[in-house]
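Student: Supplied structure: entry.cif, mmCIF, C-alpha atoms.
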```cif
data_entry
#
loop_
_atom_site.group_PDB
_atom_site.id
_atom_site.type_symbol
_atom_site.label_atom_id
_atom_site.label_comp_id
_atom_site.auth_asym_id
_atom_site.auth_seq_id
_atom_site.Cartn_x
_atom_site.Cartn_y
_atom_site.Cartn_z
ATOM 1 C CA MET C 1 0.239 10.009 2.333
ATOM 2 C CA ASP C 2 2.427 9.719 5.397
ATOM 3 C CA LEU C 3 2.715 13.530 5.623
ATOM 4 C CA PHE C 4 -0.920 14.153 6.515
ATOM 5 C CA THR C 5 -3.968 12.338 7.822
ATOM 6 C CA ASP C 6 -6.663 13.384 5.318
ATOM 7 C CA PRO C 7 -5.268 13.215 1.781
ATOM 8 C CA ASN C 8 -7.069 15.047 -1.000
ATOM 9 C CA PRO C 9 -5.921 15.989 -4.521
ATOM 10 C CA GLU C 10 -5.851 19.738 -3.891
ATOM 11 C CA PHE C 11 -3.580 19.444 -0.867
ATOM 12 C CA CYS C 12 -1.410 16.816 -2.532
ATOM 13 C CA THR C 13 -0.880 19.006 -5.588
ATOM 14 C CA HIS C 14 -0.067 21.949 -3.339
ATOM 15 C CA ILE C 15 2.792 20.021 -1.699
ATOM 16 C CA GLY C 16 4.025 18.546 -4.986
ATOM 17 C CA LEU C 17 2.488 15.069 -4.983
ATOM 18 C CA ASP C 18 0.536 13.548 -7.841
ATOM 19 C CA CYS C 19 -2.217 10.943 -7.506
ATOM 20 C CA GLY C 20 -0.458 8.270 -9.546
ATOM 21 C CA SER C 21 2.773 8.126 -7.553
ATOM 22 C CA CYS C 22 0.907 8.424 -4.257
ATOM 23 C CA ILE C 23 -1.394 5.536 -5.191
ATOM 24 C CA ARG C 24 1.466 3.333 -6.394
ATOM 25 C CA ARG C 25 3.504 3.930 -3.236
ATOM 26 C CA SER C 26 0.549 3.232 -0.957
ATOM 27 C CA ALA C 27 -0.479 0.159 -2.941
ATOM 28 C CA ALA C 28 3.054 -1.237 -2.714
ATOM 29 C CA SER C 29 3.036 -0.729 1.064
ATOM 30 C CA VAL C 30 -0.320 -2.482 1.390
ATOM 31 C CA ALA C 31 0.883 -5.340 -0.853
ATOM 32 C CA ALA C 32 3.933 -5.838 1.357
ATOM 33 C CA ILE C 33 1.660 -6.249 4.368
ATOM 34 C CA CYS C 34 -1.281 -8.067 2.759
ATOM 35 C CA ARG C 35 0.096 -10.149 -0.093
ATOM 36 C CA GLY C 36 -2.501 -11.632 -2.395
ATOM 37 C CA LEU C 37 -5.218 -9.135 -1.536
ATOM 38 C CA GLU C 38 -7.848 -9.367 -4.260
ATOM 39 C CA ALA C 39 -9.296 -6.309 -6.024
ATOM 40 C CA PRO C 40 -12.444 -5.927 -3.853
ATOM 41 C CA GLY C 41 -10.348 -6.027 -0.688
ATOM 42 C CA ALA C 42 -7.806 -3.618 -2.154
ATOM 43 C CA ARG C 43 -10.575 -1.163 -3.033
ATOM 44 C CA GLN C 44 -11.952 -1.426 0.498
ATOM 45 C CA VAL C 45 -8.510 -0.626 1.923
ATOM 46 C CA PHE C 46 -8.238 2.269 -0.548
ATOM 47 C CA PHE C 47 -11.481 3.848 0.674
ATOM 48 C CA GLN C 48 -10.283 3.534 4.263
ATOM 49 C CA LEU C 49 -6.976 5.211 3.427
ATOM 50 C CA TYR C 50 -8.400 7.849 1.088
ATOM 51 C CA ALA C 51 -11.633 9.137 2.611
ATOM 52 C CA SER C 52 -11.809 12.234 0.406
ATOM 53 C CA PRO C 53 -14.437 11.789 -2.344
ATOM 54 C CA ALA C 54 -12.053 13.594 -4.689
ATOM 55 C CA CYS C 55 -9.651 10.643 -4.381
ATOM 56 C CA HIS C 56 -12.264 7.971 -5.074
ATOM 57 C CA PRO C 57 -11.744 7.840 -8.875
ATOM 58 C CA MET C 58 -8.286 6.381 -8.143
ATOM 59 C CA ALA C 59 -9.679 3.247 -6.437
ATOM 60 C CA GLN C 60 -9.286 1.008 -9.494
ATOM 61 C CA ALA C 61 -5.748 2.273 -10.132
ATOM 62 C CA PHE C 62 -4.910 1.452 -6.503
ATOM 63 C CA ALA C 63 -6.297 -2.090 -6.891
ATOM 64 C CA VAL C 64 -4.262 -2.641 -10.084
ATOM 65 C CA ALA C 65 -1.080 -1.229 -8.517
ATOM 66 C CA ASN C 66 -1.647 -3.383 -5.444
ATOM 67 C CA GLN C 67 -1.971 -6.507 -7.590
ATOM 68 C CA GLU C 68 1.159 -5.624 -9.585
ATOM 69 C CA SER C 69 3.123 -4.991 -6.391
ATOM 70 C CA SER C 70 1.848 -8.191 -4.806
ATOM 71 C CA ASP C 71 2.830 -10.194 -7.906
ATOM 72 C CA SER C 72 6.341 -8.748 -7.866
ATOM 73 C CA GLN C 73 6.970 -9.417 -4.159
ATOM 74 C CA LYS C 74 9.457 -12.160 -3.438
ATOM 75 C CA PRO C 75 8.015 -15.170 -1.625
ATOM 76 C CA VAL C 76 8.255 -15.030 2.120
ATOM 77 C CA LEU C 77 10.340 -17.840 3.538
ATOM 78 C CA ALA C 78 8.773 -19.676 6.426
ATOM 79 C CA PHE C 79 10.935 -21.599 8.842
ATOM 80 C CA ALA C 80 9.556 -24.379 10.958
ATOM 81 C CA THR C 81 11.267 -25.914 13.924
ATOM 82 C CA ALA C 82 10.977 -29.592 14.557
ATOM 83 C CA ALA C 83 9.290 -30.606 17.771
ATOM 84 C CA ALA C 84 11.633 -32.511 20.023
#
```
Once you've parsed the file, please lay out its structure as structure tokens.

Tutor:
Amino acid sequence: MDLFTDPNPEFCTHIGLDCGSCIRRSAASVAAICRGLEAPGARQVFFQLYASPACHPMAQAFAVANQESSDSQKPVLAFATAAA
């Protein structure tokens, strides 16, 4: 997805990418940024990233991969400083 601005299955196949690995990689990136994103939000992000109608059948797979990636992320440690 980072190689071009308008992904579509025909172009992806031409350069050696498959939908599944592309979706999983993108979903993991989104999960790292937006942990805990629920399925409707993940699908909305998907449609913004993948505008080609040919990609749209992968929306549910993206939402599932996003949830799996979010669940497997390590908790982010927050540090607070005491007010003096």

Student: Convert the output of the PyMOL selection byres ((chain C and resi 6-18) around 12) on the shown file into explicit residues, formatted as an MDAnalysis selection string.

Tutor: chainID C and resid 1:5 19:26 46:58

Student: What does the distance between CA of Gln60 (chain C) and CA of Arg43 (chain C) come to in Å, to one decimal place?

Tutor: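 Atom-to-atom, CA of Gln60 (chain C) and CA of Arg43 (chain C) are spaced 6.9 Å apart.
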
Student: Kindly give the distance, in Å, that separates CA of Asn66 (chain C) and CA of Ala27 (chain C), rounded to a single decimal.

Tutor: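 That distance, rounded to one decimal, is 4.5 Å.
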
Student: Hey, what comes out of the PyMOL selection byres ((chain C and resi 40) around 12) on this file? Could you write it as a PDB file with C-alpha atoms, keeping the file's coordinate frame?

Tutor:
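Resulting contents of selection_19.pdb:
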```
ATOM      1  CA  GLY C  36      -2.501 -11.632  -2.395  1.00  0.00           C
ATOM      2  CA  LEU C  37      -5.218  -9.135  -1.536  1.00  0.00           C
ATOM      3  CA  GLU C  38      -7.848  -9.367  -4.260  1.00  0.00           C
ATOM      4  CA  ALA C  39      -9.296  -6.309  -6.024  1.00  0.00           C
ATOM      5  CA  GLY C  41     -10.348  -6.027  -0.688  1.00  0.00           C
ATOM      6  CA  ALA C  42      -7.806  -3.618  -2.154  1.00  0.00           C
ATOM      7  CA  ARG C  43     -10.575  -1.163  -3.033  1.00  0.00           C
ATOM      8  CA  GLN C  44     -11.952  -1.426   0.498  1.00  0.00           C
ATOM      9  CA  VAL C  45      -8.510  -0.626   1.923  1.00  0.00           C
ATOM     10  CA  PHE C  46      -8.238   2.269  -0.548  1.00  0.00           C
ATOM     11  CA  PHE C  47     -11.481   3.848   0.674  1.00  0.00           C
ATOM     12  CA  ALA C  59      -9.679   3.247  -6.437  1.00  0.00           C
ATOM     13  CA  GLN C  60      -9.286   1.008  -9.494  1.00  0.00           C
ATOM     14  CA  PHE C  62      -4.910   1.452  -6.503  1.00  0.00           C
ATOM     15  CA  ALA C  63      -6.297  -2.090  -6.891  1.00  0.00           C
ATOM     16  CA  VAL C  64      -4.262  -2.641 -10.084  1.00  0.00           C
ATOM     17  CA  ASN C  66      -1.647  -3.383  -5.444  1.00  0.00           C
ATOM     18  CA  GLN C  67      -1.971  -6.507  -7.590  1.00  0.00           C
TER      19      GLN C  67
END
```

Student: Please, can region 55-73 of chain C be completed to N, CA and C atoms and returned as an mmCIF file, in the frame of the given file?

Tutor:
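And here's result-v9.cif as it stands now:
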```
data_model
loop_
_atom_site.group_PDB
_atom_site.id
_atom_site.type_symbol
_atom_site.label_atom_id
_atom_site.label_comp_id
_atom_site.auth_asym_id
_atom_site.auth_seq_id
_atom_site.Cartn_x
_atom_site.Cartn_y
_atom_site.Cartn_z
ATOM 1 N N CYS C 55 -10.633 11.698 -4.121
ATOM 2 C CA CYS C 55 -9.651 10.643 -4.381
ATOM 3 C C CYS C 55 -10.301 9.377 -4.941
ATOM 4 N N HIS C 56 -11.584 9.216 -4.741
ATOM 5 C CA HIS C 56 -12.264 7.971 -5.074
ATOM 6 C C HIS C 56 -12.097 7.488 -6.516
ATOM 7 N N PRO C 57 -11.960 8.357 -7.516
ATOM 8 C CA PRO C 57 -11.744 7.840 -8.875
ATOM 9 C C PRO C 57 -10.451 7.030 -9.034
ATOM 10 N N MET C 58 -9.556 7.104 -8.062
ATOM 11 C CA MET C 58 -8.286 6.381 -8.143
ATOM 12 C C MET C 58 -8.362 4.975 -7.546
ATOM 13 N N ALA C 59 -9.537 4.551 -7.102
ATOM 14 C CA ALA C 59 -9.679 3.247 -6.437
ATOM 15 C C ALA C 59 -9.243 2.089 -7.333
ATOM 16 N N GLN C 60 -9.657 2.105 -8.584
ATOM 17 C CA GLN C 60 -9.286 1.008 -9.494
ATOM 18 C C GLN C 60 -7.784 1.019 -9.762
ATOM 19 N N ALA C 61 -7.194 2.190 -9.916
ATOM 20 C CA ALA C 61 -5.748 2.273 -10.132
ATOM 21 C C ALA C 61 -4.991 1.725 -8.917
ATOM 22 N N PHE C 62 -5.511 1.987 -7.724
ATOM 23 C CA PHE C 62 -4.910 1.452 -6.503
ATOM 24 C C PHE C 62 -4.974 -0.075 -6.508
ATOM 25 N N ALA C 63 -6.135 -0.636 -6.865
ATOM 26 C CA ALA C 63 -6.297 -2.090 -6.891
ATOM 27 C C ALA C 63 -5.337 -2.729 -7.894
ATOM 28 N N VAL C 64 -5.178 -2.122 -9.056
ATOM 29 C CA VAL C 64 -4.262 -2.641 -10.084
ATOM 30 C C VAL C 64 -2.817 -2.549 -9.586
ATOM 31 N N ALA C 65 -2.445 -1.405 -9.023
ATOM 32 C CA ALA C 65 -1.080 -1.229 -8.517
ATOM 33 C C ALA C 65 -0.803 -2.183 -7.370
ATOM 34 N N ASN C 66 -1.801 -2.432 -6.544
ATOM 35 C CA ASN C 66 -1.647 -3.383 -5.444
ATOM 36 C C ASN C 66 -1.392 -4.779 -5.987
ATOM 37 N N GLN C 67 -2.145 -5.183 -6.993
ATOM 38 C CA GLN C 67 -1.971 -6.507 -7.590
ATOM 39 C C GLN C 67 -0.585 -6.625 -8.223
ATOM 40 N N GLU C 68 -0.161 -5.599 -8.952
ATOM 41 C CA GLU C 68 1.159 -5.624 -9.585
ATOM 42 C C GLU C 68 2.263 -5.718 -8.538
ATOM 43 N N SER C 69 2.118 -4.960 -7.455
ATOM 44 C CA SER C 69 3.123 -4.991 -6.391
ATOM 45 C C SER C 69 3.128 -6.338 -5.686
ATOM 46 N N SER C 70 1.958 -6.892 -5.463
ATOM 47 C CA SER C 70 1.848 -8.191 -4.806
ATOM 48 C C SER C 70 2.485 -9.278 -5.668
ATOM 49 N N ASP C 71 2.264 -9.211 -6.982
ATOM 50 C CA ASP C 71 2.830 -10.194 -7.906
ATOM 51 C C ASP C 71 4.351 -10.111 -7.951
ATOM 52 N N SER C 72 4.898 -8.920 -7.750
ATOM 53 C CA SER C 72 6.341 -8.748 -7.866
ATOM 54 C C SER C 72 7.075 -8.979 -6.550
ATOM 55 N N GLN C 73 6.343 -9.165 -5.456
ATOM 56 C CA GLN C 73 6.970 -9.417 -4.159
ATOM 57 C C GLN C 73 7.635 -10.786 -4.178
#
```
